[in-house]
Amino acid sequence: MFRIILTAVVIAAGAAALSAPPPFAALVVMESQELSMSNIELVIETASAGGGHICHVTPAHFGPDRKIVGCLMIGTILPEQEPAIRALPFVTRLERGPIDPYSVQDMGIVAVFAAEAWNFIITGGGEEPPEPGIEMPLNDALGPLNGGLGKSVSNSPSPAAMTPTQNQTSEFMIGRVAVGLVMPESNGTLENWTSARQSKVVSRVQSGAGWWVQQGGTAANLTFVYDIRYSVSTQYEPITISANVPVGNDGIWIGDVLSNMGYTGASHYAQALAYDNAIRSQYGTNWAFALFVADSNNDADGRFPDGATAYAYLHGPYMVMTYDNGKTTANPPGWGIDRMHLVFAHELAHTFGAADEYSGAPTCNCTNYGYLGVYNGNCINCLGGSQQATCSMVDCSQALCSFTKGQVGWRDSDTDGILDPVDTIPSVVSASLVYGTVPPFYGQPQIQGSGVVMDNPWPSPTRTPVTINVVRAIYSVDNPGPWQMAVPSDGAFD
Ligand SMILES: [Ca+2]
Ligand SMILES: [Ca+2]
Ligand SMILES: [Ca+2]
Ligand SMILES: [Zn+2]
């Protein structure tokens, strides 16, 4: 008979990196036929360990099996960390200023897009404020999908939901996010993409996502990984097909596009989920969603026939935008490609569960939204005499009200710097709660006990509970010494 006492601590997914000031912005280029996600992971971790942070990861692929042959990464890297990054396998360049985009073209056009996004961001692109008076996208928050996709509302934790299930693709905006950026090319000639315009889309999307990375800071610790599918062929001309009248009508072309990408399912929702899960698995992210951008360059108003320009399903599995986001020259005027980052940032909030706050929006309701079930208190109908705060959910401003932050999971109830959805405590059989007495875990909640260690999700009042934390370190009380990496009995922390 013997006794094992373990102390386990959760390393919160949102508590790893320090943010660095913009002067330390850097582009890291990796290139090799042997490149794998673990090589890319090493760059992300090395940057974080030195107080920097990788915001955007754009792998470049080659061939029908989409083998990774290169990667461009945008983030902040502190000068003292530069030698360590440069010394990592397959890192070929670390740049601090604009580069010749065609210097990376041997990795393919996606690498060129990523280089142009870097040039765009480093030269201050994406700073345009919303023009006053542009109408918000009509009825742009759909869902959440229930029932058929297993995305049913549930209050009871189930062991199967301890880590994200196939149906949980964007529950809260913390950690790593895979973005499936799909730009379908019609067989017809009404609309034809050019590389230059596709590149603009990539720049604007990375700019909009980068704004969220900045807003979330160390606590949300966001990194976006882009699976860029340019010119996927479809027999339809997406911009000519009514988007949401009736709801799901976009499945005509989205289903066709996903089939042509090899993702099958009973509905286009199931196909989108299959794609989301494939890229989440391939890139090792916590979450994933698809963004379909319909070319609208030759369209009169840059809108689908039902007037839609941009919309997203609450908590996924996808969002849709037109290239123009409504033509700026149409009546009423739209946002245009030059303000796509503002609209994308707004839609991204919906993807992670946040509701609208402008008059007439179906989700501008005085009820609770998001994983944490946060009241929609900045909706124009729910102010209760207060003044409406500036917020992306009001008019695509680059600002966030506290309600929207809470709805995407950014609430820190005990103000310890760890956001609620990742402020979780693992449990073991016969466990008791203690507080750390050895560095580096002084005062941190820990569990002592014996048996199986597993994390307990932060309870959600509206969604199936889920955690993205993993137990990484244990400390033996019977045999005090340095913290040891925990060894999972079943082979993996999941
Ligand atoms: Ca075409
Ligand atoms: Ca139109
Ligand atoms: Ca906390
Ligand atoms: Zn909206």
# chains A, B, ... in the order shown; residues from 1 in each chain; ligands from 1
$ residues_near_ligand --ligand "ligand 3" --cutoff "10 Å" --atoms "only C-alpha atoms and all ligand atoms" --output "PyMOL selection string"
chain A and resi 12+219+410-424
$ write_last_selection --atoms "N, CA, C and O atoms" --output "PDB file, in the first residue's frame"
ATOM      1  N   ALA A  12      -3.587  28.446 -17.207  1.00  0.00           N
ATOM      2  CA  ALA A  12      -4.690  28.977 -18.007  1.00  0.00           C
ATOM      3  C   ALA A  12      -4.205  29.318 -19.400  1.00  0.00           C
ATOM      4  O   ALA A  12      -3.127  29.865 -19.579  1.00  0.00           O
ATOM      5  N   ALA A 219      -4.667  38.489 -21.434  1.00  0.00           N
ATOM      6  CA  ALA A 219      -5.702  37.631 -20.851  1.00  0.00           C
ATOM      7  C   ALA A 219      -6.342  36.718 -21.896  1.00  0.00           C
ATOM      8  O   ALA A 219      -6.496  35.524 -21.669  1.00  0.00           O
ATOM      9  N   TRP A 410     -14.964  37.595 -22.128  1.00  0.00           N
ATOM     10  CA  TRP A 410     -13.944  38.415 -21.486  1.00  0.00           C
ATOM     11  C   TRP A 410     -14.475  39.063 -20.212  1.00  0.00           C
ATOM     12  O   TRP A 410     -14.641  40.279 -20.135  1.00  0.00           O
ATOM     13  N   ARG A 411     -14.743  38.239 -19.215  1.00  0.00           N
ATOM     14  CA  ARG A 411     -15.130  38.736 -17.901  1.00  0.00           C
ATOM     15  C   ARG A 411     -14.205  38.070 -16.891  1.00  0.00           C
ATOM     16  O   ARG A 411     -13.922  36.877 -17.015  1.00  0.00           O
ATOM     17  N   ASP A 412     -13.723  38.855 -15.942  1.00  0.00           N
ATOM     18  CA  ASP A 412     -12.789  38.333 -14.948  1.00  0.00           C
ATOM     19  C   ASP A 412     -13.371  38.617 -13.570  1.00  0.00           C
ATOM     20  O   ASP A 412     -13.057  39.619 -12.942  1.00  0.00           O
ATOM     21  N   SER A 413     -14.239  37.725 -13.105  1.00  0.00           N
ATOM     22  CA  SER A 413     -15.028  37.979 -11.894  1.00  0.00           C
ATOM     23  C   SER A 413     -14.163  38.232 -10.666  1.00  0.00           C
ATOM     24  O   SER A 413     -14.493  39.068  -9.836  1.00  0.00           O
ATOM     25  N   ASP A 414     -13.048  37.520 -10.523  1.00  0.00           N
ATOM     26  CA  ASP A 414     -12.232  37.687  -9.313  1.00  0.00           C
ATOM     27  C   ASP A 414     -11.004  38.566  -9.564  1.00  0.00           C
ATOM     28  O   ASP A 414     -10.095  38.630  -8.746  1.00  0.00           O
ATOM     29  N   THR A 415     -10.988  39.250 -10.701  1.00  0.00           N
ATOM     30  CA  THR A 415      -9.944  40.216 -11.076  1.00  0.00           C
ATOM     31  C   THR A 415      -8.520  39.698 -10.833  1.00  0.00           C
ATOM     32  O   THR A 415      -7.646  40.429 -10.393  1.00  0.00           O
ATOM     33  N   ASP A 416      -8.302  38.428 -11.146  1.00  0.00           N
ATOM     34  CA  ASP A 416      -6.938  37.895 -10.999  1.00  0.00           C
ATOM     35  C   ASP A 416      -6.191  37.862 -12.332  1.00  0.00           C
ATOM     36  O   ASP A 416      -5.107  37.295 -12.435  1.00  0.00           O
ATOM     37  N   GLY A 417      -6.797  38.468 -13.363  1.00  0.00           N
ATOM     38  CA  GLY A 417      -6.134  38.512 -14.667  1.00  0.00           C
ATOM     39  C   GLY A 417      -6.436  37.307 -15.533  1.00  0.00           C
ATOM     40  O   GLY A 417      -6.023  37.249 -16.686  1.00  0.00           O
ATOM     41  N   ILE A 418      -7.148  36.333 -14.979  1.00  0.00           N
ATOM     42  CA  ILE A 418      -7.520  35.142 -15.755  1.00  0.00           C
ATOM     43  C   ILE A 418      -9.014  35.213 -16.040  1.00  0.00           C
ATOM     44  O   ILE A 418      -9.835  35.282 -15.122  1.00  0.00           O
ATOM     45  N   LEU A 419      -9.374  35.224 -17.312  1.00  0.00           N
ATOM     46  CA  LEU A 419     -10.776  35.371 -17.697  1.00  0.00           C
ATOM     47  C   LEU A 419     -11.601  34.174 -17.219  1.00  0.00           C
ATOM     48  O   LEU A 419     -11.111  33.044 -17.192  1.00  0.00           O
ATOM     49  N   ASP A 420     -12.862  34.439 -16.868  1.00  0.00           N
ATOM     50  CA  ASP A 420     -13.715  33.403 -16.274  1.00  0.00           C
ATOM     51  C   ASP A 420     -13.681  32.056 -17.003  1.00  0.00           C
ATOM     52  O   ASP A 420     -13.500  31.020 -16.358  1.00  0.00           O
ATOM     53  N   PRO A 421     -13.862  32.039 -18.345  1.00  0.00           N
ATOM     54  CA  PRO A 421     -13.960  30.721 -18.994  1.00  0.00           C
ATOM     55  C   PRO A 421     -12.700  29.865 -18.862  1.00  0.00           C
ATOM     56  O   PRO A 421     -12.765  28.652 -19.039  1.00  0.00           O
ATOM     57  N   VAL A 422     -11.547  30.509 -18.570  1.00  0.00           N
ATOM     58  CA  VAL A 422     -10.323  29.718 -18.397  1.00  0.00           C
ATOM     59  C   VAL A 422      -9.816  29.785 -16.958  1.00  0.00           C
ATOM     60  O   VAL A 422      -8.740  29.283 -16.646  1.00  0.00           O
ATOM     61  N   ASP A 423     -10.608  30.399 -16.073  1.00  0.00           N
ATOM     62  CA  ASP A 423     -10.231  30.476 -14.658  1.00  0.00           C
ATOM     63  C   ASP A 423     -10.818  29.261 -13.954  1.00  0.00           C
ATOM     64  O   ASP A 423     -11.733  29.359 -13.142  1.00  0.00           O
ATOM     65  N   THR A 424     -10.291  28.119 -14.302  1.00  0.00           N
ATOM     66  CA  THR A 424     -10.873  26.857 -13.851  1.00  0.00           C
ATOM     67  C   THR A 424      -9.904  26.134 -12.936  1.00  0.00           C
ATOM     68  O   THR A 424      -8.710  26.421 -12.918  1.00  0.00           O
TER      69      THR A 424
END
$ select_by_dssp --residues "range 58-137 of chain A" --states "strand (DSSP E)" --output "PyMOL selection string"
chain A and resi 58-62+67-76+91-95
$ select_by_dssp --residues "range 173-225 of chain A" --states "helix (DSSP H, G or I)" --output "ChimeraX atom specification"
/A:195-220
$ write_last_selection --atoms "C-alpha atoms" --output "PDB file, in the first residue's frame"
ATOM      1  CA  SER A 195      -5.023  38.079 -56.870  1.00  0.00           C
ATOM      2  CA  ALA A 196      -4.801  41.773 -56.040  1.00  0.00           C
ATOM      3  CA  ARG A 197      -8.358  41.856 -54.701  1.00  0.00           C
ATOM      4  CA  GLN A 198      -7.973  38.542 -52.867  1.00  0.00           C
ATOM      5  CA  SER A 199      -4.886  39.993 -51.219  1.00  0.00           C
ATOM      6  CA  LYS A 200      -6.914  42.997 -50.046  1.00  0.00           C
ATOM      7  CA  VAL A 201      -9.358  40.614 -48.381  1.00  0.00           C
ATOM      8  CA  VAL A 202      -6.527  38.818 -46.549  1.00  0.00           C
ATOM      9  CA  SER A 203      -5.032  42.139 -45.372  1.00  0.00           C
ATOM     10  CA  ARG A 204      -8.369  43.442 -44.119  1.00  0.00           C
ATOM     11  CA  VAL A 205      -9.252  40.198 -42.355  1.00  0.00           C
ATOM     12  CA  GLN A 206      -5.877  40.024 -40.589  1.00  0.00           C
ATOM     13  CA  SER A 207      -6.181  43.693 -39.665  1.00  0.00           C
ATOM     14  CA  GLY A 208      -9.643  43.120 -38.145  1.00  0.00           C
ATOM     15  CA  ALA A 209      -8.518  40.006 -36.275  1.00  0.00           C
ATOM     16  CA  GLY A 210      -5.375  41.824 -35.117  1.00  0.00           C
ATOM     17  CA  TRP A 211      -7.541  44.468 -33.510  1.00  0.00           C
ATOM     18  CA  TRP A 212      -9.218  41.749 -31.425  1.00  0.00           C
ATOM     19  CA  VAL A 213      -5.786  40.349 -30.464  1.00  0.00           C
ATOM     20  CA  GLN A 214      -4.850  43.820 -29.211  1.00  0.00           C
ATOM     21  CA  GLN A 215      -8.132  44.286 -27.335  1.00  0.00           C
ATOM     22  CA  GLY A 216      -7.839  40.879 -25.680  1.00  0.00           C
ATOM     23  CA  GLY A 217      -4.220  41.360 -24.633  1.00  0.00           C
ATOM     24  CA  THR A 218      -2.475  38.906 -22.370  1.00  0.00           C
ATOM     25  CA  ALA A 219      -5.702  37.631 -20.851  1.00  0.00           C
ATOM     26  CA  ALA A 220      -7.364  36.464 -24.073  1.00  0.00           C
TER      27      ALA A 220
END
$ residues_around --residues "range 121-132 of chain A" --least-positions-apart "5" --cutoff "7 Å" --atoms "only C-alpha atoms" --output "PyMOL selection string"
chain A and resi 97-98+204+207+339+341+396-397
$ residues_near_ligand --ligand "ligand 2" --cutoff "12 Å" --atoms "only C-alpha atoms and all ligand atoms" --output "PyMOL selection string"
chain A and resi 190-191+237-243+294-309+322-327+330-331+334
$ write_last_selection --atoms "C-alpha atoms" --output "PDB file, in the first residue's frame"
ATOM      1  CA  LEU A 190     -20.076  37.574 -63.957  1.00  0.00           C
ATOM      2  CA  GLU A 191     -17.478  37.791 -61.181  1.00  0.00           C
ATOM      3  CA  GLU A 237     -22.409  32.833 -58.802  1.00  0.00           C
ATOM      4  CA  PRO A 238     -22.742  33.461 -55.047  1.00  0.00           C
ATOM      5  CA  ILE A 239     -23.529  37.192 -55.246  1.00  0.00           C
ATOM      6  CA  THR A 240     -26.650  36.453 -57.342  1.00  0.00           C
ATOM      7  CA  ILE A 241     -28.174  34.079 -54.772  1.00  0.00           C
ATOM      8  CA  SER A 242     -30.345  35.307 -51.910  1.00  0.00           C
ATOM      9  CA  ALA A 243     -28.368  34.803 -48.698  1.00  0.00           C
ATOM     10  CA  ALA A 294     -18.386  36.275 -52.188  1.00  0.00           C
ATOM     11  CA  ASP A 295     -16.872  38.353 -54.970  1.00  0.00           C
ATOM     12  CA  SER A 296     -19.111  41.351 -55.700  1.00  0.00           C
ATOM     13  CA  ASN A 297     -16.782  43.508 -57.778  1.00  0.00           C
ATOM     14  CA  ASN A 298     -19.107  43.741 -60.783  1.00  0.00           C
ATOM     15  CA  ASP A 299     -22.328  43.700 -58.773  1.00  0.00           C
ATOM     16  CA  ALA A 300     -24.327  46.938 -58.753  1.00  0.00           C
ATOM     17  CA  ASP A 301     -24.772  47.261 -54.989  1.00  0.00           C
ATOM     18  CA  GLY A 302     -22.251  44.764 -53.591  1.00  0.00           C
ATOM     19  CA  ARG A 303     -25.091  42.975 -51.815  1.00  0.00           C
ATOM     20  CA  PHE A 304     -26.827  39.643 -52.147  1.00  0.00           C
ATOM     21  CA  PRO A 305     -30.329  39.924 -53.710  1.00  0.00           C
ATOM     22  CA  ASP A 306     -31.940  39.987 -50.234  1.00  0.00           C
ATOM     23  CA  GLY A 307     -29.780  42.956 -49.245  1.00  0.00           C
ATOM     24  CA  ALA A 308     -27.345  40.987 -47.065  1.00  0.00           C
ATOM     25  CA  THR A 309     -23.691  42.036 -47.091  1.00  0.00           C
ATOM     26  CA  THR A 322     -19.261  40.195 -49.804  1.00  0.00           C
ATOM     27  CA  TYR A 323     -16.052  41.648 -51.221  1.00  0.00           C
ATOM     28  CA  ASP A 324     -17.598  45.126 -51.135  1.00  0.00           C
ATOM     29  CA  ASN A 325     -19.544  44.845 -47.882  1.00  0.00           C
ATOM     30  CA  GLY A 326     -22.049  46.905 -49.850  1.00  0.00           C
ATOM     31  CA  LYS A 327     -20.790  49.295 -52.538  1.00  0.00           C
ATOM     32  CA  ALA A 330     -24.740  52.510 -53.965  1.00  0.00           C
ATOM     33  CA  ASN A 331     -27.864  53.863 -52.310  1.00  0.00           C
ATOM     34  CA  GLY A 334     -22.173  50.212 -47.963  1.00  0.00           C
TER      35      GLY A 334
END
